[in-house]
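Trainee: Here it is, the structure in full.
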Amino acid sequence: MKKIIFSDIDRTLAIEGVVSNKNVKYIKKYVDKENLFVLVSGRTILYTKNISTKVKASKYIICNNGAVTYDYENDKVISIEKIPFYLVKKVFDIANKHESRFIIGTKNNTYVNKKLYENEILIKDITKDFYDNNVICQITISNKDKEVIKKIIDEVIKINDIKITNKSRSLYDDSYITNDNIWIDITSKNVNKGKAVLNLLNYLNINLEDSVRIGDDLNDLSMFFDKGLNVAVENGMIDLKNKADFITKSCEEDGVSYAIGKIMNDEI
């Protein structure tokens, strides 16, 4: 049996942040065998930690598309790639110019330039003092207008040392319809989930061959290596499914639990 499973959250393990009872049950079965189940998400530390604790997964989480690897039981940052101050400020100015939401999630808070939710903290500028007192490794920009986001993308991709690590599926999949805000995630240029997975495996002294990676979207492609096991959910993007060693059931059909059962029985 493989020793460690890395799983994406949204549309892989969870639907709108809710993990099914069946998925939770199978995660417990796997972890009870002294294995590790690690969440790997584009979401913030706070969000990923909350999901991890609810499903009783590993204390290790990979967040912000791989920019942060964190041991939340010991409050220990294992690896991190910050965005430099001047670039955070530049992206903040771009978001404001296009009247779009600028969002930074830290371990404890969510900071925004336009407040929509009660638990968010409004900031009017990116000061050096604010930067020095907060770990900033990912920025999300959102807007309801796809054309506005496309203009922002055109500006961001011209900036050296940062990149768009993830974005709303509707921006590259015309069949995907959403009424939510259209968004992009911005990180330092060297960030990706696969790099974070390799770093954590090295930290834990676990071989790549003993790992499983489960995902649904293009930001999960970097986790799909030639060794170990690559699993895509049925509702995943075609490019990911083409690289998968096994295609499990869809997220709606509790595909993660189905894959765990196969892994525990050494059937894949």
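Residue numbering restarts at 1 for every chain of the structure tokens, chains are lettered A, B, ... in their displayed order, and ligands are numbered from 1 as they appear.
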Please provide the set of residues having any atom within 6 Å of range 81-87 of chain A, restricted to only C-alpha atoms, with same-chain residues fewer than 5 positions apart removed, written as a VMD selection string.
Mentor: chain A and resid 67 136 to 137 188
Trainee: Can you build me a table of range 137-162 of chain A residues sitting at most 10 Å from range 101-124 of chain A, with the closest atom pair per residue and its distance in Å to one decimal, using only C-alpha atoms, sorted by chain and residue number, as CSV?
Mentor:
```
residue,atom,partner,partner_atom,distance
A:Cys137,CA,A:Ile104,CA,8.4
A:Gln138,CA,A:Ile104,CA,6.7
A:Ile139,CA,A:Ile104,CA,5.3
A:Thr140,CA,A:Ile103,CA,5.0
A:Ile141,CA,A:Phe102,CA,4.8
A:Ser142,CA,A:Arg101,CA,5.1
A:Asn143,CA,A:Arg101,CA,6.4
A:Lys144,CA,A:Arg101,CA,9.7
```
Trainee: Give me the range 127-219 of chain A side of the contact with range 28-44 of chain A, cut-off 9 Å, one line per residue showing its nearest atom pair and distance in Å at one decimal, counting only C-alpha atoms, sorted by chain and residue number, as JSON lines.
Mentor:
```
{"residue": "A:Gln138", "atom": "CA", "partner": "A:Thr44", "partner_atom": "CA", "distance": 8.4}
{"residue": "A:Thr165", "atom": "CA", "partner": "A:Gly42", "partner_atom": "CA", "distance": 8.7}
{"residue": "A:Asn166", "atom": "CA", "partner": "A:Gly42", "partner_atom": "CA", "distance": 7.5}
{"residue": "A:Asp185", "atom": "CA", "partner": "A:Gly42", "partner_atom": "CA", "distance": 7.9}
{"residue": "A:Lys193", "atom": "CA", "partner": "A:Val40", "partner_atom": "CA", "distance": 7.1}
{"residue": "A:Ala196", "atom": "CA", "partner": "A:Val40", "partner_atom": "CA", "distance": 8.8}
{"residue": "A:Val197", "atom": "CA", "partner": "A:Val40", "partner_atom": "CA", "distance": 8.3}
{"residue": "A:Asn219", "atom": "CA", "partner": "A:Gly42", "partner_atom": "CA", "distance": 8.3}
```
Trainee: Would you mind writing down, as a ChimeraX atom specification, each residue of range 74-221 of chain A that DSSP on the backbone assigns to strand (DSSP E or B)?
Mentor: /A:76-80,101-105,110-112,120-122,139-143,162-167,182-188,211-215
Trainee: For Ile80 in chain A, which residue among A:Leu240, A:Val191, A:Ile164, A:Leu13 is the nearest when counting only C-alpha atoms?
Mentor: A:Val191
Trainee: Write out as a JSON list (two decimals) with all heavy atoms, in the first residue's frame each polymer residue whose atoms come within 8 Å of Met264 in chain A, counting only C-alpha atoms; drop sequence neighbours fewer than 2 positions from it.
Mentor:
```
[["chain", "number", "residue", "atom", "x", "y", "z"],
["A", 1, "MET", "N", 0.84, -1.20, 0.00],
["A", 1, "MET", "CA", 0.00, 0.00, 0.00],
["A", 1, "MET", "C", 0.88, 1.25, 0.00],
["A", 1, "MET", "O", 1.91, 1.29, 0.66],
["A", 1, "MET", "CB", -0.88, 0.01, 1.26],
["A", 1, "MET", "CG", -1.90, 1.12, 1.30],
["A", 1, "MET", "SD", -2.64, 1.37, 2.94],
["A", 1, "MET", "CE", -3.13, -0.30, 3.34],
["A", 2, "LYS", "N", 0.48, 2.25, -0.76],
["A", 2, "LYS", "CA", 1.20, 3.52, -0.78],
["A", 2, "LYS", "C", 1.12, 4.19, 0.59],
["A", 2, "LYS", "O", 0.10, 4.12, 1.28],
["A", 2, "LYS", "CB", 0.62, 4.46, -1.84],
["A", 2, "LYS", "CG", 0.60, 3.88, -3.25],
["A", 2, "LYS", "CD", 1.98, 3.66, -3.82],
["A", 2, "LYS", "CE", 1.90, 3.24, -5.27],
["A", 2, "LYS", "NZ", 3.23, 2.87, -5.82],
["A", 30, "TYR", "N", -7.73, 4.94, 5.95],
["A", 30, "TYR", "CA", -6.37, 5.01, 5.42],
["A", 30, "TYR", "C", -5.40, 5.51, 6.46],
["A", 30, "TYR", "O", -4.32, 4.94, 6.65],
["A", 30, "TYR", "CB", -6.37, 5.93, 4.19],
["A", 30, "TYR", "CG", -5.04, 6.06, 3.50],
["A", 30, "TYR", "CD1", -4.53, 5.04, 2.71],
["A", 30, "TYR", "CD2", -4.28, 7.22, 3.64],
["A", 30, "TYR", "CE1", -3.30, 5.16, 2.07],
["A", 30, "TYR", "CE2", -3.05, 7.36, 3.01],
["A", 30, "TYR", "CZ", -2.57, 6.32, 2.23],
["A", 30, "TYR", "OH", -1.36, 6.44, 1.61],
["A", 260, "ILE", "N", -9.25, 5.54, -2.63],
["A", 260, "ILE", "CA", -8.61, 5.05, -1.40],
["A", 260, "ILE", "C", -8.88, 3.56, -1.21],
["A", 260, "ILE", "O", -7.98, 2.80, -0.86],
["A", 260, "ILE", "CB", -9.11, 5.85, -0.17],
["A", 260, "ILE", "CG1", -8.61, 7.29, -0.23],
["A", 260, "ILE", "CG2", -8.61, 5.18, 1.12],
["A", 260, "ILE", "CD1", -9.18, 8.19, 0.87],
["A", 261, "GLY", "N", -10.11, 3.14, -1.46],
["A", 261, "GLY", "CA", -10.44, 1.72, -1.34],
["A", 261, "GLY", "C", -9.60, 0.87, -2.27],
["A", 261, "GLY", "O", -9.08, -0.19, -1.87],
["A", 262, "LYS", "N", -9.43, 1.31, -3.50],
["A", 262, "LYS", "CA", -8.60, 0.59, -4.46],
["A", 262, "LYS", "C", -7.14, 0.55, -4.03],
["A", 262, "LYS", "O", -6.45, -0.48, -4.15],
["A", 262, "LYS", "CB", -8.70, 1.26, -5.84],
["A", 262, "LYS", "CG", -10.06, 1.16, -6.50],
["A", 262, "LYS", "CD", -10.29, -0.22, -7.06],
["A", 262, "LYS", "CE", -11.56, -0.30, -7.88],
["A", 262, "LYS", "NZ", -11.82, -1.66, -8.40],
["A", 266, "ASP", "N", -4.64, -2.65, -2.81],
["A", 266, "ASP", "CA", -3.58, -2.85, -3.80],
["A", 266, "ASP", "C", -4.14, -3.23, -5.18],
["A", 266, "ASP", "O", -3.56, -4.05, -5.90],
["A", 266, "ASP", "CB", -2.59, -3.93, -3.32],
["A", 266, "ASP", "CG", -1.76, -3.47, -2.13],
["A", 266, "ASP", "OD1", -1.38, -2.29, -2.11],
["A", 266, "ASP", "OD2", -1.50, -4.28, -1.23],
["A", 267, "GLU", "N", -5.25, -2.62, -5.54],
["A", 267, "GLU", "CA", -5.89, -2.90, -6.82],
["A", 267, "GLU", "C", -5.46, -1.91, -7.90],
["A", 267, "GLU", "O", -5.74, -2.11, -9.09],
["A", 267, "GLU", "CB", -7.41, -2.87, -6.67],
["A", 267, "GLU", "CG", -7.94, -4.00, -5.79],
["A", 267, "GLU", "CD", -9.44, -3.93, -5.56],
["A", 267, "GLU", "OE1", -10.10, -3.01, -6.09],
["A", 267, "GLU", "OE2", -9.96, -4.82, -4.87]]
```
